[in-house]
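Enquirer: File name run.csv; file contents CSV, C-alpha atoms and all ligand atoms; full text below.
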chain,number,residue,atom,x,y,z
P,156,MET,CA,23.4,58.9,73.3
P,157,ALA,CA,23.9,56.3,70.6
P,158,PRO,CA,22.2,53.0,71.3
P,159,PHE,CA,24.5,50.1,71.9
P,160,ASP,CA,24.0,46.3,71.7
P,161,ASN,CA,26.7,45.3,74.1
P,162,LEU,CA,26.9,48.3,76.5
P,163,LEU,CA,24.5,49.9,78.9
P,164,LEU,CA,25.2,53.6,79.6
P,165,GLN,CA,23.8,55.6,82.5
P,166,LEU,CA,24.6,59.2,83.2
P,167,GLU,CA,23.9,60.5,86.7
P,168,ASN,CA,25.4,63.6,88.4
P,169,GLY,CA,28.0,63.9,85.7
P,170,ILE,CA,29.3,60.3,86.1
P,171,LEU,CA,28.7,57.9,83.2
P,172,THR,CA,28.5,54.3,84.2
P,173,ILE,CA,29.4,52.0,81.3
P,174,THR,CA,28.3,48.4,81.8
P,175,ILE,CA,29.7,45.8,79.5
P,176,ASN,CA,26.6,43.8,78.9
P,177,ARG,CA,27.3,40.3,77.7
P,178,ALA,CA,26.7,38.5,81.0
P,179,ASP,CA,26.1,35.1,79.2
P,180,LYS,CA,29.6,35.3,77.8
P,181,LEU,CA,31.1,36.7,81.1
P,182,ASN,CA,31.2,40.1,79.3
P,183,ALA,CA,33.9,38.9,76.9
P,184,LEU,CA,35.0,41.7,74.5
P,185,ASN,CA,34.0,40.8,71.0
P,186,ILE,CA,35.1,43.2,68.2
P,187,GLU,CA,31.7,44.9,68.2
P,188,THR,CA,32.0,45.6,71.9
P,189,ILE,CA,35.4,47.2,71.4
P,190,ARG,CA,33.9,49.3,68.6
P,191,GLU,CA,31.1,50.4,70.9
P,192,ILE,CA,33.5,51.2,73.7
P,193,LYS,CA,35.3,53.5,71.3
P,194,THR,CA,32.1,55.3,70.4
P,195,ALA,CA,31.2,55.6,74.1
P,196,ILE,CA,34.6,57.0,75.0
P,197,GLN,CA,34.4,59.5,72.1
P,198,GLN,CA,31.1,60.7,73.6
P,199,VAL,CA,33.0,61.1,76.9
P,200,TYR,CA,35.6,63.3,75.1
P,201,ASP,CA,32.9,65.3,73.4
P,202,ASP,CA,30.0,65.8,75.9
P,203,PRO,CA,30.7,68.4,78.6
P,204,ALA,CA,27.8,66.8,80.7
P,205,ILE,CA,30.0,63.7,81.2
P,206,ARG,CA,32.6,64.5,83.8
P,207,ALA,CA,33.8,61.1,84.9
P,208,VAL,CA,33.4,57.4,84.0
P,209,VAL,CA,33.0,54.0,85.7
P,210,PHE,CA,33.4,50.7,83.8
P,211,VAL,CA,31.7,47.7,85.3
P,212,GLY,CA,30.6,44.2,84.0
P,213,ALA,CA,27.0,43.1,83.9
P,214,GLY,CA,25.9,40.4,86.4
P,215,THR,CA,27.8,39.4,89.5
P,216,LYS,CA,30.4,37.0,88.1
P,217,ALA,CA,32.6,38.9,85.7
P,218,PHE,CA,34.0,42.3,85.0
P,219,VAL,CA,35.3,41.1,81.6
P,220,ALA,CA,36.6,37.5,81.1
P,221,GLY,CA,38.8,38.5,78.2
P,222,ALA,CA,38.6,39.1,74.5
P,223,ASP,CA,36.1,36.8,72.8
P,224,ILE,CA,37.9,33.5,72.3
P,225,ALA,CA,35.5,32.4,69.6
P,226,GLU,CA,36.7,35.4,67.5
P,227,ILE,CA,40.3,35.1,68.5
P,228,ALA,CA,40.3,31.5,67.3
P,229,GLU,CA,39.6,32.8,63.7
P,230,LEU,CA,42.6,35.3,63.6
P,231,SER,CA,45.4,35.0,61.1
P,232,ASP,CA,48.7,36.9,61.2
P,233,VAL,CA,47.4,39.8,59.1
P,234,ASN,CA,44.1,40.5,60.9
P,235,ALA,CA,45.6,39.7,64.3
P,236,ARG,CA,47.9,42.7,64.1
P,237,SER,CA,45.0,45.1,63.4
P,238,PHE,CA,42.9,43.3,66.0
P,239,ALA,CA,45.5,44.1,68.6
P,240,GLU,CA,46.1,47.7,67.3
P,241,ARG,CA,42.4,48.5,67.3
P,242,GLY,CA,42.0,47.3,70.9
P,243,GLN,CA,45.2,49.2,71.9
P,244,GLU,CA,43.9,52.4,70.3
P,245,VAL,CA,40.6,52.2,72.2
P,246,PHE,CA,42.3,51.5,75.5
P,247,SER,CA,44.7,54.4,74.9
P,248,MET,CA,41.7,56.6,74.4
P,249,ILE,CA,40.5,55.5,77.9
P,250,GLU,CA,43.9,56.1,79.4
P,251,ASN,CA,44.3,59.5,77.8
P,252,SER,CA,40.8,60.8,78.7
P,253,THR,CA,41.2,63.9,80.8
P,254,LYS,CA,38.1,63.0,82.7
P,255,PRO,CA,38.8,60.4,85.4
P,256,VAL,CA,37.9,56.8,84.6
P,257,ILE,CA,37.6,54.0,87.3
P,258,ALA,CA,37.2,50.3,86.7
P,259,ALA,CA,34.7,48.8,89.1
P,260,VAL,CA,36.1,45.2,88.9
P,261,ASN,CA,33.1,43.1,90.0
P,262,GLY,CA,34.4,39.6,89.2
P,263,PHE,CA,36.7,38.0,86.6
P,264,ALA,CA,39.1,40.5,85.0
P,265,LEU,CA,41.1,38.2,82.7
P,266,GLY,CA,43.1,38.9,79.6
P,267,GLY,CA,41.4,41.8,77.8
P,268,GLY,CA,39.4,42.4,81.0
P,269,CYS,CA,42.5,42.9,83.1
P,270,GLU,CA,43.8,45.1,80.2
P,271,LEU,CA,40.6,47.2,80.2
P,272,ALA,CA,40.9,47.7,84.0
P,273,MET,CA,44.5,48.7,83.6
P,274,ALA,CA,43.7,51.3,81.0
P,275,CYS,CA,41.4,53.0,83.5
P,276,HIS,CA,43.0,55.5,85.8
P,277,MET,CA,42.1,53.6,88.9
P,278,ARG,CA,40.8,50.2,89.9
P,279,VAL,CA,38.4,49.4,92.7
P,280,ALA,CA,37.7,45.6,93.1
P,281,SER,CA,35.0,43.7,95.0
P,282,ASN,CA,36.4,40.9,97.1
P,283,ASN,CA,35.2,38.2,94.6
P,284,ALA,CA,37.3,39.7,91.8
P,285,LYS,CA,40.0,37.7,90.1
P,286,PHE,CA,42.7,39.1,87.9
P,287,GLY,CA,45.0,37.4,85.4
P,288,GLN,CA,46.6,37.4,82.0
P,289,PRO,CA,45.9,33.8,81.0
P,290,GLU,CA,46.7,34.2,77.3
P,291,VAL,CA,49.6,31.7,77.4
P,292,ASN,CA,47.0,29.0,78.0
P,293,LEU,CA,45.8,29.7,74.5
P,294,GLY,CA,49.2,30.0,72.9
P,295,LEU,CA,49.0,33.8,73.0
P,296,ILE,CA,50.3,36.9,74.8
P,297,PRO,CA,48.3,39.9,75.9
P,298,GLY,CA,47.5,42.1,72.8
P,299,TYR,CA,45.5,45.1,74.2
P,300,GLY,CA,48.5,46.7,76.0
P,301,GLY,CA,48.8,44.2,78.9
P,302,THR,CA,52.5,43.6,78.6
P,303,GLN,CA,53.1,47.3,78.9
P,304,ARG,CA,50.6,48.4,81.5
P,305,LEU,CA,50.9,45.4,83.8
P,306,THR,CA,54.7,46.0,83.9
P,307,GLN,CA,54.2,49.7,84.6
P,308,LEU,CA,51.7,49.0,87.4
P,309,ILE,CA,53.4,46.1,89.3
P,310,GLY,CA,57.0,45.9,88.0
P,311,LYS,CA,58.8,43.5,85.7
P,312,GLY,CA,59.4,40.5,88.0
P,313,LYS,CA,55.7,40.1,89.1
P,314,ALA,CA,54.4,41.1,85.6
P,315,VAL,CA,56.4,38.4,83.8
P,316,GLU,CA,55.4,35.8,86.4
P,317,LEU,CA,51.7,36.5,86.0
P,318,MET,CA,52.0,36.6,82.2
P,319,MET,CA,54.1,33.4,82.0
P,320,THR,CA,52.2,31.3,84.5
P,321,GLY,CA,48.7,32.6,83.5
P,322,ASP,CA,47.8,32.5,87.2
P,323,MET,CA,44.7,34.2,88.6
P,324,ILE,CA,45.1,36.3,91.6
P,325,SER,CA,42.6,37.5,94.2
P,326,ALA,CA,41.5,41.1,94.7
P,327,ASP,CA,43.6,41.3,97.9
P,328,GLU,CA,46.7,39.9,96.1
P,329,ALA,CA,46.1,42.5,93.3
P,330,LYS,CA,45.9,45.2,95.9
P,331,ASP,CA,49.2,44.1,97.6
P,332,LEU,CA,50.8,44.3,94.1
P,333,GLY,CA,49.5,47.8,93.5
P,334,LEU,CA,47.2,46.7,90.7
P,335,VAL,CA,44.1,47.7,92.6
P,336,ASN,CA,43.5,50.8,94.6
P,337,HIS,CA,40.8,49.5,97.0
P,338,VAL,CA,39.0,46.3,97.8
P,339,THR,CA,35.4,46.4,98.9
P,340,THR,CA,32.5,44.0,99.5
P,341,GLN,CA,30.3,43.4,96.4
P,342,GLU,CA,27.7,45.7,97.8
P,343,ASP,CA,30.1,48.6,98.5
P,344,LEU,CA,31.8,48.5,95.1
P,345,MET,CA,29.8,51.0,93.1
P,346,PRO,CA,29.3,53.4,96.1
P,347,LYS,CA,33.1,53.4,96.6
P,348,CYS,CA,33.7,54.3,93.0
P,349,TYR,CA,31.1,57.1,93.1
P,350,GLU,CA,32.5,58.4,96.4
P,351,ILE,CA,36.0,58.7,94.9
P,352,LEU,CA,34.7,60.3,91.7
P,353,ASN,CA,32.4,62.7,93.6
P,354,LYS,CA,35.4,63.9,95.6
P,355,ILE,CA,37.4,64.4,92.4
P,356,LEU,CA,34.5,66.3,90.8
P,357,THR,CA,34.8,69.0,93.6
P,358,LYS,CA,38.3,69.9,92.3
P,359,ALA,CA,39.3,72.0,89.3
P,360,PRO,CA,38.6,69.9,86.1
P,361,LEU,CA,41.6,71.5,84.3
P,362,ALA,CA,44.0,70.5,87.0
P,363,ILE,CA,42.5,66.9,87.2
P,364,GLY,CA,43.0,66.5,83.4
P,365,LEU,CA,46.5,67.8,83.6
P,366,VAL,CA,47.4,65.4,86.4
P,367,ILE,CA,46.3,62.6,84.1
P,368,ASP,CA,48.4,64.0,81.2
P,369,CYS,CA,51.5,64.4,83.3
P,370,VAL,CA,51.3,60.9,84.9
P,371,ASN,CA,50.8,59.4,81.4
P,372,ALA,CA,53.9,61.4,80.2
P,373,VAL,CA,56.0,59.2,82.6
P,374,PHE,CA,55.4,56.3,80.3
P,375,ASP,CA,55.8,58.1,77.0
P,376,LYS,CA,59.3,57.8,75.7
P,377,GLU,CA,58.8,60.7,73.3
P,378,GLU,CA,57.9,63.1,76.1
P,379,ASP,CA,59.9,64.9,78.8
P,380,GLY,CA,57.6,64.5,81.7
P,381,TYR,CA,59.2,67.3,83.8
P,382,GLN,CA,58.7,69.7,80.9
P,383,THR,CA,55.1,68.5,80.5
P,384,GLU,CA,54.6,69.1,84.3
P,385,ALA,CA,56.1,72.6,84.1
P,386,ASN,CA,54.0,73.5,81.1
P,387,SER,CA,50.9,72.1,82.7
P,388,PHE,CA,51.6,74.0,86.0
P,389,ALA,CA,51.9,77.2,84.0
P,390,ARG,CA,48.7,76.5,82.2
P,391,CYS,CA,46.8,76.0,85.5
P,392,CYS,CA,48.1,79.5,86.6
P,393,THR,CA,46.3,81.1,83.7
P,394,SER,CA,42.9,79.6,84.6
P,395,GLN,CA,39.9,81.2,86.3
P,396,ASP,CA,39.8,78.1,88.6
P,397,PHE,CA,43.3,78.9,89.9
P,398,ILE,CA,42.2,82.4,90.8
P,399,GLU,CA,39.1,81.0,92.4
P,400,GLY,CA,41.0,78.3,94.3
P,401,THR,CA,43.6,80.6,95.7
P,402,ASN,CA,41.1,83.4,96.6
P,403,ALA,CA,38.8,80.8,98.3
P,404,PHE,CA,41.7,79.6,100.4
P,405,LEU,CA,42.7,83.2,101.4
P,406,GLU,CA,39.0,84.1,102.1
P,407,LYS,CA,38.5,80.9,104.1
P,408,ARG,CA,35.7,79.5,102.0
P,409,LYS,CA,35.1,76.5,99.7
P,410,PRO,CA,36.1,77.1,96.1
P,411,GLU,CA,33.5,76.9,93.4
P,412,PHE,CA,35.3,75.7,90.3
P,413,LYS,CA,33.8,76.4,86.9
P,414,GLY,CA,36.2,74.4,84.7
P,415,ASN,CA,37.8,77.3,82.9
O,1,LIG,N1,35.5,34.5,75.3
O,1,LIG,C1,34.4,33.9,74.9
O,1,LIG,N2,33.5,33.3,75.7
O,1,LIG,C2,33.8,33.2,77.0
O,1,LIG,C3,35.0,33.8,77.5
O,1,LIG,C4,35.8,34.4,76.6
O,1,LIG,N3,37.0,35.0,77.0
O,1,LIG,N4,35.0,33.6,78.8
O,1,LIG,C5,33.9,32.9,79.2
O,1,LIG,N5,33.1,32.7,78.0
O,1,LIG,C6,31.8,32.0,77.9
O,1,LIG,C7,32.0,30.5,78.0
O,1,LIG,O1,32.4,29.9,76.8
O,1,LIG,C8,30.6,30.2,78.5
O,1,LIG,O2,29.7,30.2,77.3
O,1,LIG,P1,28.6,29.1,77.0
O,1,LIG,O3,27.7,29.1,78.2
O,1,LIG,O4,28.0,29.5,75.8
O,1,LIG,O5,29.4,27.8,77.0
O,1,LIG,C9,30.2,31.3,79.4
O,1,LIG,O6,31.0,32.4,79.0
O,1,LIG,C10,30.4,31.0,80.8
O,1,LIG,O7,31.8,30.6,81.0
O,1,LIG,P2,32.2,29.2,81.8
O,1,LIG,O8,33.6,28.9,81.3
O,1,LIG,O9,31.1,28.2,81.6
O,1,LIG,O10,32.2,29.7,83.3
O,1,LIG,P3,33.1,29.1,84.5
O,1,LIG,O11,32.6,29.8,85.7
O,1,LIG,O12,33.2,27.7,84.4
O,1,LIG,O13,34.6,29.7,84.2
O,1,LIG,C11,36.3,31.3,83.6
O,1,LIG,C12,34.9,31.0,84.3
O,1,LIG,C13,36.4,32.8,83.6
O,1,LIG,C14,37.4,30.7,84.5
O,1,LIG,C15,36.3,30.7,82.2
O,1,LIG,O14,35.2,31.1,81.5
O,1,LIG,C16,37.5,31.1,81.4
O,1,LIG,O15,38.6,30.6,81.6
O,1,LIG,N6,37.4,32.0,80.4
O,1,LIG,C17,38.4,32.4,79.5
O,1,LIG,C18,39.4,33.3,80.2
O,1,LIG,C19,40.5,33.7,79.2
O,1,LIG,O16,41.3,32.9,78.8
O,1,LIG,N7,40.5,35.0,78.9
O,1,LIG,C20,41.6,35.5,78.0
O,1,LIG,C21,41.1,35.5,76.6
O,1,LIG,S1,42.4,36.1,75.5
Would you kindly transcribe this structure into structure tokens?
Expert:
Amino acid sequence: MAPFDNLLLQLENGILTITINRADKLNALNIETIREIKTAIQQVYDDPAIRAVVFVGAGTKAFVAGADIAEIAELSDVNARSFAERGQEVFSMIENSTKPVIAAVNGFALGGGCELAMACHMRVASNNAKFGQPEVNLGLIPGYGGTQRLTQLIGKGKAVELMMTGDMISADEAKDLGLVNHVTTQEDLMPKCYEILNKILTKAPLAIGLVIDCVNAVFDKEEDGYQTEANSFARCCTSQDFIEGTNAFLEKRKPEFKGN
């Protein structure tokens, strides 16, 4: 795998753990880190040995404390647009990965950090995690998809409140809002993420990827999600894994899915 300056990658049992590794800056996403995440996600798309992904922040304090404010301070109207579009593109790659991606939110998930977590398919947070979109404190708004995904995840009223006040919320509050799937102790965070992914990895990979596609279709104005679902359902029925899954049920044994 390509060497990275700002990421640590570890592949074990098909699960790639991507650690954002700028602990001295609370893992703030500078442009180089966004570039490296793009390269890493492209590897996820391309490498059949990678079957699932966990994002986590280095250290014990932060998942990601936002885009790098030192770089943001230098933006002008021209490069700010491409700055936002580049981040949006990378986060869409994460969201559209047909391999499951979990954010292990191990501390501050602010601004671009909250946006990164929201681009993942699920979020598991340790009880010290804090979520927020504090961009208004800088005279900004979220630029990496936050206005869209936060609204999709928690609804308009709560989303605009968080984005207009810049308030930080706890992991438990985030769970109550539906922003987080599970809250754990700090110690249990990674085991919980691996437990969820190991369960998913026992299922048919094609079906898992198509669940992701169909759920993403809900939020795509160009797409008829019901049609996508019917097409995907039909696609499953042509797969070897479908034959294996139904036969295994009828033969009262565990299925062995091969991913074809
Ligand atoms: N961009 C660049 N650097 C950041 C950063 C960011 N988003 N967030 C934290 N850092 C840096 C700090 O500048 C500091 O660096 P230094 O030691 O070289 O001075 C280091 O990380 C530690 O942060 P610090 O502020 O000292 O920690 P804290 O515990 O007092 O506060 C936060 C933690 C998260 C509340 C605070 O760092 C913060 O508000 N960060 C910005 C959050 C934000 O607005 N994100 C959205 C950006 S669009």
Enquirer: Which residues come within 12 Å of stretch 260-262 of chain P, counting only C-alpha atoms, excluding same-chain residues fewer than 4 positions away, as a PyMOL selection string?
Expert: chain P and resi 174-175+178+181-182+209-221+268-273+275+277-287+323-326+329+334-345+347-348
Enquirer: Keeping only C-alpha atoms, write the selected residues as a PDB file, in the frame of the given file.
Expert:
ATOM      1  CA  THR P 174      28.300  48.400  81.800  1.00  0.00           C
ATOM      2  CA  ILE P 175      29.700  45.800  79.500  1.00  0.00           C
ATOM      3  CA  ALA P 178      26.700  38.500  81.000  1.00  0.00           C
ATOM      4  CA  LEU P 181      31.100  36.700  81.100  1.00  0.00           C
ATOM      5  CA  ASN P 182      31.200  40.100  79.300  1.00  0.00           C
ATOM      6  CA  VAL P 209      33.000  54.000  85.700  1.00  0.00           C
ATOM      7  CA  PHE P 210      33.400  50.700  83.800  1.00  0.00           C
ATOM      8  CA  VAL P 211      31.700  47.700  85.300  1.00  0.00           C
ATOM      9  CA  GLY P 212      30.600  44.200  84.000  1.00  0.00           C
ATOM     10  CA  ALA P 213      27.000  43.100  83.900  1.00  0.00           C
ATOM     11  CA  GLY P 214      25.900  40.400  86.400  1.00  0.00           C
ATOM     12  CA  THR P 215      27.800  39.400  89.500  1.00  0.00           C
ATOM     13  CA  LYS P 216      30.400  37.000  88.100  1.00  0.00           C
ATOM     14  CA  ALA P 217      32.600  38.900  85.700  1.00  0.00           C
ATOM     15  CA  PHE P 218      34.000  42.300  85.000  1.00  0.00           C
ATOM     16  CA  VAL P 219      35.300  41.100  81.600  1.00  0.00           C
ATOM     17  CA  ALA P 220      36.600  37.500  81.100  1.00  0.00           C
ATOM     18  CA  GLY P 221      38.800  38.500  78.200  1.00  0.00           C
ATOM     19  CA  GLY P 268      39.400  42.400  81.000  1.00  0.00           C
ATOM     20  CA  CYS P 269      42.500  42.900  83.100  1.00  0.00           C
ATOM     21  CA  GLU P 270      43.800  45.100  80.200  1.00  0.00           C
ATOM     22  CA  LEU P 271      40.600  47.200  80.200  1.00  0.00           C
ATOM     23  CA  ALA P 272      40.900  47.700  84.000  1.00  0.00           C
ATOM     24  CA  MET P 273      44.500  48.700  83.600  1.00  0.00           C
ATOM     25  CA  CYS P 275      41.400  53.000  83.500  1.00  0.00           C
ATOM     26  CA  MET P 277      42.100  53.600  88.900  1.00  0.00           C
ATOM     27  CA  ARG P 278      40.800  50.200  89.900  1.00  0.00           C
ATOM     28  CA  VAL P 279      38.400  49.400  92.700  1.00  0.00           C
ATOM     29  CA  ALA P 280      37.700  45.600  93.100  1.00  0.00           C
ATOM     30  CA  SER P 281      35.000  43.700  95.000  1.00  0.00           C
ATOM     31  CA  ASN P 282      36.400  40.900  97.100  1.00  0.00           C
ATOM     32  CA  ASN P 283      35.200  38.200  94.600  1.00  0.00           C
ATOM     33  CA  ALA P 284      37.300  39.700  91.800  1.00  0.00           C
ATOM     34  CA  LYS P 285      40.000  37.700  90.100  1.00  0.00           C
ATOM     35  CA  PHE P 286      42.700  39.100  87.900  1.00  0.00           C
ATOM     36  CA  GLY P 287      45.000  37.400  85.400  1.00  0.00           C
ATOM     37  CA  MET P 323      44.700  34.200  88.600  1.00  0.00           C
ATOM     38  CA  ILE P 324      45.100  36.300  91.600  1.00  0.00           C
ATOM     39  CA  SER P 325      42.600  37.500  94.200  1.00  0.00           C
ATOM     40  CA  ALA P 326      41.500  41.100  94.700  1.00  0.00           C
ATOM     41  CA  ALA P 329      46.100  42.500  93.300  1.00  0.00           C
ATOM     42  CA  LEU P 334      47.200  46.700  90.700  1.00  0.00           C
ATOM     43  CA  VAL P 335      44.100  47.700  92.600  1.00  0.00           C
ATOM     44  CA  ASN P 336      43.500  50.800  94.600  1.00  0.00           C
ATOM     45  CA  HIS P 337      40.800  49.500  97.000  1.00  0.00           C
ATOM     46  CA  VAL P 338      39.000  46.300  97.800  1.00  0.00           C
ATOM     47  CA  THR P 339      35.400  46.400  98.900  1.00  0.00           C
ATOM     48  CA  THR P 340      32.500  44.000  99.500  1.00  0.00           C
ATOM     49  CA  GLN P 341      30.300  43.400  96.400  1.00  0.00           C
ATOM     50  CA  GLU P 342      27.700  45.700  97.800  1.00  0.00           C
ATOM     51  CA  ASP P 343      30.100  48.600  98.500  1.00  0.00           C
ATOM     52  CA  LEU P 344      31.800  48.500  95.100  1.00  0.00           C
ATOM     53  CA  MET P 345      29.800  51.000  93.100  1.00  0.00           C
ATOM     54  CA  LYS P 347      33.100  53.400  96.600  1.00  0.00           C
ATOM     55  CA  CYS P 348      33.700  54.300  93.000  1.00  0.00           C
TER      56      CYS P 348
END
Enquirer: Tell me, as a PDB file with C-alpha atoms, in the coordinates of the input, which residues lie within 10 Å of stretch 229-238 of chain P, counting only C-alpha atoms; anything in the same chain fewer than 5 positions away does not count.
Expert:
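Printed below is part_13.pdb as written:
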ATOM      1  CA  ILE P 186      35.100  43.200  68.200  1.00  0.00           C
ATOM      2  CA  ILE P 224      37.900  33.500  72.300  1.00  0.00           C
ATOM      3  CA  GLN P 243      45.200  49.200  71.900  1.00  0.00           C
ATOM      4  CA  GLY P 298      47.500  42.100  72.800  1.00  0.00           C
ATOM      5  CA  TYR P 299      45.500  45.100  74.200  1.00  0.00           C
TER       6      TYR P 299
END
Enquirer: Give the answer as one residue: which of P:Pro289, P:Thr194, P:Glu187, P:Ala258 has the shortest atom-to-atom distance to ligand LIG 1 (chain O), using all atoms listed in the file?
Expert: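 So, comparing all the options, the nearest one is P:Pro289.
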Enquirer: I'd like the interatomic distance between atom O9 of ligand LIG 1 (chain O) and atom CA of P:Met319, to a tenth of an Å.
Expert: 23.6 Å
Enquirer: Please list as a list in words every residue within 9 Å of P:Ser394, counting all atoms listed in the file and excluding residues in the same chain fewer than 5 positions away.
Expert: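 The residues satisfying every condition are Leu361, Glu399, Gly414 and Asn415 of chain P.
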Enquirer: Considering only C-alpha atoms and all ligand atoms, state which residue in the set P:Ala259, P:Ala225, P:Leu356, P:Leu308 is at the smallest distance from ligand LIG 1 (chain O).
Expert: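 Among the listed residues, the smallest separation from ligand LIG 1 (chain O) belongs to P:Ala225.
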